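Printed here is model_29.cif (mmCIF, C-alpha atoms):
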```
data_entry
loop_
_atom_site.group_PDB
_atom_site.id
_atom_site.type_symbol
_atom_site.label_atom_id
_atom_site.label_comp_id
_atom_site.auth_asym_id
_atom_site.auth_seq_id
_atom_site.Cartn_x
_atom_site.Cartn_y
_atom_site.Cartn_z
ATOM 1 C CA MET A 1 93.070 106.852 78.233
ATOM 2 C CA PRO A 2 96.277 108.141 79.908
ATOM 3 C CA HIS A 3 96.918 106.403 83.207
ATOM 4 C CA SER A 4 97.029 109.482 85.436
ATOM 5 C CA VAL A 5 93.985 108.204 87.346
ATOM 6 C CA LYS A 6 94.002 105.920 90.344
ATOM 7 C CA ALA A 7 90.799 104.441 91.725
ATOM 8 C CA LEU A 8 89.802 103.888 95.344
ATOM 9 C CA VAL A 9 87.105 101.251 95.724
ATOM 10 C CA LEU A 10 85.389 101.409 99.114
ATOM 11 C CA CYS A 11 84.985 97.809 100.320
ATOM 12 C CA ALA A 12 85.130 97.957 104.113
ATOM 13 C CA GLY A 13 81.444 97.592 104.943
ATOM 14 C CA LYS A 14 79.975 94.744 106.970
ATOM 15 C CA GLY A 15 76.553 94.796 105.332
ATOM 16 C CA THR A 16 74.640 93.978 108.514
ATOM 17 C CA ARG A 17 71.231 93.827 106.797
ATOM 18 C CA LEU A 18 72.619 91.304 104.315
ATOM 19 C CA GLN A 19 73.827 88.898 106.982
ATOM 20 C CA THR A 20 70.972 86.427 106.759
ATOM 21 C CA GLU A 21 70.843 82.643 106.853
ATOM 22 C CA GLY A 22 74.197 82.470 108.622
ATOM 23 C CA ILE A 23 76.043 84.377 105.878
ATOM 24 C CA ASP A 24 78.577 86.788 107.366
ATOM 25 C CA LEU A 25 80.615 87.781 104.316
ATOM 26 C CA PRO A 26 81.763 91.364 103.784
ATOM 27 C CA LYS A 27 79.074 93.166 101.823
ATOM 28 C CA VAL A 28 81.119 93.375 98.609
ATOM 29 C CA MET A 29 81.606 89.593 98.614
ATOM 30 C CA ARG A 30 77.903 88.791 98.562
ATOM 31 C CA GLN A 31 77.082 87.235 95.214
ATOM 32 C CA ALA A 32 74.713 88.366 92.485
ATOM 33 C CA ASP A 33 74.254 86.112 89.473
ATOM 34 C CA GLY A 34 77.103 83.905 90.643
ATOM 35 C CA LYS A 35 79.789 86.531 91.194
ATOM 36 C CA PRO A 36 80.723 88.871 94.072
ATOM 37 C CA LEU A 37 79.383 92.411 93.871
ATOM 38 C CA LEU A 38 82.987 93.600 93.798
ATOM 39 C CA HIS A 39 83.656 91.574 90.642
ATOM 40 C CA TYR A 40 81.340 93.794 88.616
ATOM 41 C CA VAL A 41 82.860 97.009 89.936
ATOM 42 C CA LEU A 42 86.409 95.887 89.153
ATOM 43 C CA THR A 43 85.372 94.741 85.686
ATOM 44 C CA ALA A 44 83.954 98.207 84.959
ATOM 45 C CA LEU A 45 87.248 99.745 86.136
ATOM 46 C CA ASP A 46 89.390 97.576 83.872
ATOM 47 C CA PHE A 47 90.311 100.584 81.734
ATOM 48 C CA LEU A 48 92.807 101.263 84.544
ATOM 49 C CA PRO A 49 95.830 99.061 85.293
ATOM 50 C CA ARG A 50 95.259 96.746 88.242
ATOM 51 C CA GLU A 51 98.055 98.409 90.211
ATOM 52 C CA ASP A 52 96.136 101.687 90.006
ATOM 53 C CA VAL A 53 92.966 100.285 91.578
ATOM 54 C CA ILE A 54 93.172 100.366 95.382
ATOM 55 C CA LEU A 55 90.712 98.482 97.576
ATOM 56 C CA VAL A 56 89.830 100.014 100.951
ATOM 57 C CA VAL A 57 88.967 96.954 103.027
ATOM 58 C CA GLY A 58 87.806 96.480 106.603
ATOM 59 C CA TYR A 59 85.329 93.920 107.916
ATOM 60 C CA LYS A 60 86.690 90.386 107.358
ATOM 61 C CA ARG A 61 89.153 91.807 104.883
ATOM 62 C CA GLU A 62 90.849 88.431 104.505
ATOM 63 C CA ARG A 63 87.744 87.205 102.647
ATOM 64 C CA VAL A 64 88.138 90.022 100.115
ATOM 65 C CA LEU A 65 91.895 89.669 99.777
ATOM 66 C CA GLU A 66 91.887 85.904 99.298
ATOM 67 C CA VAL A 67 90.072 86.567 96.006
ATOM 68 C CA TYR A 68 91.342 90.036 95.094
ATOM 69 C CA GLY A 69 94.758 90.058 96.746
ATOM 70 C CA ALA A 70 96.448 91.066 93.486
ATOM 71 C CA TYR A 71 95.052 94.568 93.984
ATOM 72 C CA PRO A 72 96.774 97.034 96.314
ATOM 73 C CA HIS A 73 94.761 97.697 99.439
ATOM 74 C CA ALA A 74 94.382 99.976 102.432
ATOM 75 C CA VAL A 75 92.665 99.071 105.712
ATOM 76 C CA GLN A 76 89.774 100.909 107.382
ATOM 77 C CA ASP A 77 89.459 99.302 110.797
ATOM 78 C CA GLN A 78 86.774 101.666 112.116
ATOM 79 C CA GLN A 79 83.683 102.551 110.104
ATOM 80 C CA LEU A 80 83.767 106.337 110.423
ATOM 81 C CA GLY A 81 82.345 107.254 107.051
ATOM 82 C CA THR A 82 83.381 107.634 103.442
ATOM 83 C CA GLY A 83 85.721 110.538 104.124
ATOM 84 C CA HIS A 84 87.556 108.454 106.701
ATOM 85 C CA ALA A 85 87.747 105.520 104.260
ATOM 86 C CA VAL A 86 89.526 107.669 101.682
ATOM 87 C CA ARG A 87 91.940 109.015 104.289
ATOM 88 C CA CYS A 88 92.906 105.433 105.148
ATOM 89 C CA ALA A 89 94.371 105.143 101.630
ATOM 90 C CA GLN A 90 96.355 108.371 101.770
ATOM 91 C CA GLU A 91 99.696 106.672 102.386
ATOM 92 C CA LEU A 92 99.325 104.584 99.216
ATOM 93 C CA LEU A 93 98.797 107.782 97.222
ATOM 94 C CA GLU A 94 101.754 109.657 98.694
ATOM 95 C CA GLY A 95 103.402 111.700 95.935
ATOM 96 C CA PHE A 96 100.667 110.960 93.377
ATOM 97 C CA GLU A 97 99.717 114.123 91.497
ATOM 98 C CA GLY A 98 96.991 112.790 89.230
ATOM 99 C CA ASP A 99 93.277 112.279 89.821
ATOM 100 C CA VAL A 100 91.618 109.950 92.308
ATOM 101 C CA LEU A 101 88.403 108.179 91.324
ATOM 102 C CA VAL A 102 86.394 107.226 94.403
ATOM 103 C CA CYS A 103 83.662 104.623 93.989
ATOM 104 C CA CYS A 104 81.822 101.946 95.949
ATOM 105 C CA GLY A 105 82.350 98.209 95.848
ATOM 106 C CA ASP A 106 78.638 97.501 96.374
ATOM 107 C CA MET A 107 77.418 99.224 93.171
ATOM 108 C CA PRO A 108 77.665 96.437 90.579
ATOM 109 C CA LEU A 109 75.542 98.114 87.895
ATOM 110 C CA MET A 110 77.833 101.092 87.249
ATOM 111 C CA ARG A 111 79.084 100.886 83.661
ATOM 112 C CA ARG A 112 82.637 101.356 82.405
ATOM 113 C CA GLU A 113 81.373 104.041 80.010
ATOM 114 C CA THR A 114 79.957 106.050 82.896
ATOM 115 C CA TYR A 115 83.237 106.024 84.818
ATOM 116 C CA GLN A 116 85.017 107.071 81.630
ATOM 117 C CA ALA A 117 82.507 109.877 81.004
ATOM 118 C CA LEU A 118 83.273 111.199 84.496
ATOM 119 C CA VAL A 119 87.001 111.261 83.726
ATOM 120 C CA GLU A 120 86.412 112.949 80.378
ATOM 121 C CA THR A 121 84.128 115.625 81.875
ATOM 122 C CA HIS A 122 86.616 116.288 84.682
ATOM 123 C CA ARG A 123 89.454 116.870 82.227
ATOM 124 C CA ALA A 124 87.418 118.831 79.686
ATOM 125 C CA GLN A 125 86.198 121.254 82.364
ATOM 126 C CA GLY A 126 89.552 121.519 84.135
ATOM 127 C CA ASN A 127 87.957 120.628 87.464
ATOM 128 C CA VAL A 128 89.595 119.946 90.805
ATOM 129 C CA CYS A 129 86.555 117.846 91.685
ATOM 130 C CA THR A 130 83.820 116.326 89.534
ATOM 131 C CA LEU A 131 80.787 114.515 90.911
ATOM 132 C CA LEU A 132 78.727 111.915 89.118
ATOM 133 C CA SER A 133 74.990 112.521 89.241
ATOM 134 C CA GLY A 134 71.744 111.299 87.736
ATOM 135 C CA HIS A 135 68.123 112.362 87.687
ATOM 136 C CA ALA A 136 65.282 110.342 89.189
ATOM 137 C CA HIS A 137 61.710 111.377 89.894
ATOM 138 C CA GLN A 138 60.918 108.523 92.254
ATOM 139 C CA SER A 139 61.912 108.807 95.897
ATOM 140 C CA LEU A 140 65.388 107.311 96.405
ATOM 141 C CA PRO A 141 67.506 107.496 99.599
ATOM 142 C CA TYR A 142 70.430 109.388 98.056
ATOM 143 C CA GLY A 143 72.067 112.712 98.704
ATOM 144 C CA ARG A 144 70.732 115.595 96.652
ATOM 145 C CA ILE A 145 72.800 117.800 94.349
ATOM 146 C CA ILE A 146 71.936 121.410 95.119
ATOM 147 C CA ARG A 147 72.717 123.959 92.419
ATOM 148 C CA ASP A 148 72.872 127.749 92.650
ATOM 149 C CA GLY A 149 70.742 130.241 90.744
ATOM 150 C CA ALA A 150 73.054 129.996 87.736
ATOM 151 C CA GLY A 151 72.788 126.218 87.620
ATOM 152 C CA ALA A 152 76.290 125.571 88.958
ATOM 153 C CA PHE A 153 77.074 123.082 91.700
ATOM 154 C CA ALA A 154 76.541 124.506 95.197
ATOM 155 C CA ARG A 155 76.621 121.542 97.614
ATOM 156 C CA ILE A 156 75.479 118.003 98.362
ATOM 157 C CA VAL A 157 72.947 117.386 101.104
ATOM 158 C CA GLU A 158 72.595 113.887 102.532
ATOM 159 C CA GLU A 159 68.965 112.777 102.685
ATOM 160 C CA LYS A 160 68.988 112.450 106.478
ATOM 161 C CA ASP A 161 70.229 116.029 106.793
ATOM 162 C CA ALA A 162 68.058 117.540 104.036
ATOM 163 C CA THR A 163 65.120 119.900 104.463
ATOM 164 C CA GLU A 164 61.806 119.063 102.802
ATOM 165 C CA GLU A 165 62.618 121.485 99.995
ATOM 166 C CA GLU A 166 66.060 119.930 99.449
ATOM 167 C CA ARG A 167 64.577 116.417 99.356
ATOM 168 C CA ALA A 168 62.389 117.547 96.456
ATOM 169 C CA ALA A 169 65.475 117.973 94.232
ATOM 170 C CA THR A 170 65.559 115.277 91.520
ATOM 171 C CA GLU A 171 69.306 115.384 90.813
ATOM 172 C CA LEU A 172 70.904 112.687 92.940
ATOM 173 C CA ASN A 173 74.480 112.171 94.023
ATOM 174 C CA ALA A 174 75.691 108.822 92.656
ATOM 175 C CA GLY A 175 78.430 108.560 95.284
ATOM 176 C CA VAL A 176 81.201 108.480 92.671
ATOM 177 C CA TYR A 177 83.771 111.283 92.466
ATOM 178 C CA LEU A 178 86.957 112.324 90.732
ATOM 179 C CA PHE A 179 89.348 114.544 92.676
ATOM 180 C CA ARG A 180 92.746 116.002 92.044
ATOM 181 C CA ALA A 181 94.792 114.139 94.643
ATOM 182 C CA GLY A 182 96.474 117.002 96.495
ATOM 183 C CA PRO A 183 93.356 119.117 97.077
ATOM 184 C CA LEU A 184 91.386 116.011 98.064
ATOM 185 C CA PHE A 185 93.641 115.139 100.982
ATOM 186 C CA GLN A 186 93.954 118.787 102.023
ATOM 187 C CA ALA A 187 90.165 118.963 102.222
ATOM 188 C CA LEU A 188 89.833 115.673 104.112
ATOM 189 C CA SER A 189 91.923 117.060 106.933
ATOM 190 C CA HIS A 190 89.188 119.682 107.525
ATOM 191 C CA LEU A 191 86.218 117.308 107.730
ATOM 192 C CA ARG A 192 84.064 117.239 110.875
ATOM 193 C CA ARG A 193 81.549 114.714 112.208
ATOM 194 C CA ASP A 194 78.764 117.133 113.214
ATOM 195 C CA ASN A 195 76.018 115.494 111.164
ATOM 196 C CA ALA A 196 73.144 113.041 111.660
ATOM 197 C CA GLN A 197 75.404 109.986 111.243
ATOM 198 C CA GLY A 198 78.382 111.234 113.250
ATOM 199 C CA GLU A 199 80.651 110.362 110.322
ATOM 200 C CA TYR A 200 83.229 112.037 108.109
ATOM 201 C CA TYR A 201 81.267 112.629 104.926
ATOM 202 C CA LEU A 202 83.162 112.625 101.657
ATOM 203 C CA THR A 203 80.172 114.589 100.381
ATOM 204 C CA ASP A 204 81.394 117.609 102.356
ATOM 205 C CA VAL A 205 84.618 117.799 100.323
ATOM 206 C CA PRO A 206 83.224 119.326 97.087
ATOM 207 C CA ALA A 207 81.625 122.252 98.953
ATOM 208 C CA PHE A 208 84.863 122.839 100.881
ATOM 209 C CA LEU A 209 86.849 122.938 97.630
ATOM 210 C CA LEU A 210 84.290 125.261 96.071
ATOM 211 C CA GLU A 211 84.469 127.662 99.023
ATOM 212 C CA ARG A 212 88.223 127.970 98.716
ATOM 213 C CA GLY A 213 87.912 128.821 95.036
ATOM 214 C CA ASP A 214 88.566 125.489 93.328
ATOM 215 C CA ARG A 215 86.607 124.456 90.257
ATOM 216 C CA VAL A 216 83.936 121.854 91.033
ATOM 217 C CA GLY A 217 81.723 120.350 88.336
ATOM 218 C CA VAL A 218 79.063 117.717 87.834
ATOM 219 C CA CYS A 219 78.866 114.931 85.252
ATOM 220 C CA ASP A 220 75.139 114.152 85.030
ATOM 221 C CA ARG A 221 75.545 111.035 82.892
ATOM 222 C CA CYS A 222 74.498 108.376 85.413
ATOM 223 C CA ASP A 223 71.381 106.310 84.846
ATOM 224 C CA PRO A 224 69.413 105.863 88.104
ATOM 225 C CA VAL A 225 69.709 102.069 87.711
ATOM 226 C CA GLU A 226 73.508 102.366 87.846
ATOM 227 C CA MET A 227 73.234 104.079 91.228
ATOM 228 C CA LEU A 228 71.652 101.071 92.866
ATOM 229 C CA GLY A 229 73.742 99.921 95.782
ATOM 230 C CA VAL A 230 73.192 96.768 97.817
ATOM 231 C CA ASN A 231 72.314 97.156 101.494
ATOM 232 C CA THR A 232 69.449 94.679 101.924
ATOM 233 C CA VAL A 233 68.450 91.246 100.672
ATOM 234 C CA ASP A 234 65.699 92.829 98.575
ATOM 235 C CA GLN A 235 68.230 95.131 96.899
ATOM 236 C CA LEU A 236 70.539 92.178 96.255
ATOM 237 C CA GLN A 237 67.690 90.358 94.532
ATOM 238 C CA GLN A 238 66.800 93.467 92.522
ATOM 239 C CA VAL A 239 70.389 93.881 91.319
ATOM 240 C CA GLU A 240 70.639 90.187 90.473
ATOM 241 C CA THR A 241 67.491 90.394 88.346
ATOM 242 C CA ILE A 242 68.934 93.332 86.405
ATOM 243 C CA LEU A 243 72.278 91.589 85.894
ATOM 244 C CA ARG A 244 70.604 88.442 84.617
ATOM 245 C CA ARG A 245 68.730 90.340 81.943
ATOM 246 C CA GLY A 246 71.932 92.067 80.851
ATOM 247 C CA ARG A 247 71.229 95.447 82.469
#
```
Reformat the file's structure so that it appears as structure tokens.
Amino acid sequence: MPHSVKALVLCAGKGTRLQTEGIDLPKVMRQADGKPLLHYVLTALDFLPREDVILVVGYKRERVLEVYGAYPHAVQDQQLGTGHAVRCAQELLEGFEGDVLVCCGDMPLMRRETYQALVETHRAQGNVCTLLSGHAHQSLPYGRIIRDGAGAFARIVEEKDATEEERAATELNAGVYLFRAGPLFQALSHLRRDNAQGEYYLTDVPAFLLERGDRVGVCDRCDPVEMLGVNTVDQLQQVETILRRGR
């Protein structure tokens, strides 16, 4: 695969609900099956050169960098949302004209093949932005992909901001995106914090790009298991069980 993709791995979170039994590691450094959550994400991204994988670190970043210091990194000192996290890495992407893959360091079950399918869909469709999605019929706390009458992407609605009708949608946002770099950072400058969390949502960027006439698509190749992130001890145990049985 041509190396015109750079990845941003969001790693700044504290993981408050994981800080049990005196453990105060950054969330991505909590271990599952003997390895940090971040290890699995970086292994799945190994189709990219290490210098093209940027870690966005924050809480106790020295604990992340003492293990993964060979990767370039940006710092997010304040936790103001995913959109803010990406903006913190803008300087490291100055002059880059390729595509930016944005993913989360606490999603250890995402497969290399799924990231690659996102890149392939993005290029095949000629998109400015491509979202990764999956379908699940059980209730999961993820943003919903809302499509228009023709079946094309319309917007993402975060669960906390969704109406009852929107929550009934079964296509879920995996929280992984591919953006053309220039339009991404143009859009980020327009984000606002008028939402339930008071944060800059990266999920608002695709709709902004769509409104200005850019091509936005969806790659619906994600298995719901791959979407599992780790926010609680129970989720950490669930992910560890899946890893131990080889996914």
Under the PyMOL selection byres ((chain A and resi 229) around 6), which residues of this model are included? Write them out as an MDAnalysis selection string.
chainID A and resid 106:107 228 230
Expanded to explicit residues, what is the PyMOL selection byres ((chain A and resi 119) around 10) for this file, as a PyMOL selection string?
chain A and resi 1+5+99-101+113-118+120-124+130+132+177-179+219
May I have the protein, DNA and RNA residues with an atom at most 6 Å from (62.2, 114.1, 93.3), counting only C-alpha atoms in the file's coordinates, returned as a short mmCIF file (atom, residue, chain, number, x, y, z; two decimals) with C-alpha atoms, in the coordinates of the input?
```
data_model
loop_
_atom_site.label_atom_id
_atom_site.label_comp_id
_atom_site.auth_asym_id
_atom_site.auth_seq_id
_atom_site.Cartn_x
_atom_site.Cartn_y
_atom_site.Cartn_z
CA HIS A 137 61.71 111.38 89.89
CA GLN A 138 60.92 108.52 92.25
CA SER A 139 61.91 108.81 95.90
CA ALA A 168 62.39 117.55 96.46
CA ALA A 169 65.47 117.97 94.23
CA THR A 170 65.56 115.28 91.52
#
```
Do a neighbour search on Leu55 (chain A) at 6 Å with all atoms listed in the file, toss out local chain neighbours closer than 6 positions, and write the hits as a PDB file with C-alpha atoms, in the coordinates of the input.
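Dumped to out.pdb:
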```pdb
ATOM      1  CA  LEU A   8      89.802 103.888  95.344  1.00  0.00           C
ATOM      2  CA  VAL A   9      87.105 101.251  95.724  1.00  0.00           C
ATOM      3  CA  HIS A  73      94.761  97.697  99.439  1.00  0.00           C
TER       4      HIS A  73
END
```
Taking the file as I've supplied it (selection: the PyMOL selection byres ((chain A and resi 215) around 7)), which residues are included? Please answer as an MDAnalysis selection string.
chainID A and resid 127:129 210 213:214 216:217
Counting only C-alpha atoms, closest pick from A:Arg147, A:Phe185, A:Val225, A:Arg61 relative to Thr241 (chain A) is A:Val225
I want to know what sits within 9 Å of Ala85 (chain A), based on only C-alpha atoms, with residues of the same chain fewer than 3 positions away left out; could you give that as a ChimeraX atom specification?
/A:10,12,56-57,74-76,78-82,88-89,200,202
File of the preceding selection, C-alpha atoms, as a PDB file, in the frame of the given file:
```pdb
ATOM      1  CA  LEU A  10      85.389 101.409  99.114  1.00  0.00           C
ATOM      2  CA  ALA A  12      85.130  97.957 104.113  1.00  0.00           C
ATOM      3  CA  VAL A  56      89.830 100.014 100.951  1.00  0.00           C
ATOM      4  CA  VAL A  57      88.967  96.954 103.027  1.00  0.00           C
ATOM      5  CA  ALA A  74      94.382  99.976 102.432  1.00  0.00           C
ATOM      6  CA  VAL A  75      92.665  99.071 105.712  1.00  0.00           C
ATOM      7  CA  GLN A  76      89.774 100.909 107.382  1.00  0.00           C
ATOM      8  CA  GLN A  78      86.774 101.666 112.116  1.00  0.00           C
ATOM      9  CA  GLN A  79      83.683 102.551 110.104  1.00  0.00           C
ATOM     10  CA  LEU A  80      83.767 106.337 110.423  1.00  0.00           C
ATOM     11  CA  GLY A  81      82.345 107.254 107.051  1.00  0.00           C
ATOM     12  CA  THR A  82      83.381 107.634 103.442  1.00  0.00           C
ATOM     13  CA  CYS A  88      92.906 105.433 105.148  1.00  0.00           C
ATOM     14  CA  ALA A  89      94.371 105.143 101.630  1.00  0.00           C
ATOM     15  CA  TYR A 200      83.229 112.037 108.109  1.00  0.00           C
ATOM     16  CA  LEU A 202      83.162 112.625 101.657  1.00  0.00           C
TER      17      LEU A 202
END
```
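Residue nearest Lys6 (chain A), chosen from A:Cys104, A:Ala181, A:Leu109, A:Leu42 and counting all atoms listed in the file: A:Ala181.
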Atom pair CA of Pro49 (chain A) / CA of Arg111 (chain A): separation (Å):
16.9 Å
Name the residues in contact with Pro36 (chain A) at a cut-off of 12 Å, using only C-alpha atoms, excluding same-chain residues fewer than 6 positions from it; report them as a list in words.
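Counting only the stated atoms, we get Cys11, Leu25, Pro26, Lys27, Val28, Met29, Arg30, Leu42, Thr43, Arg63, Val64, Val67, Tyr68, Gly105, Asp106, Met107, Pro108, Val230, Leu236, Val239 and Glu240 of chain A.
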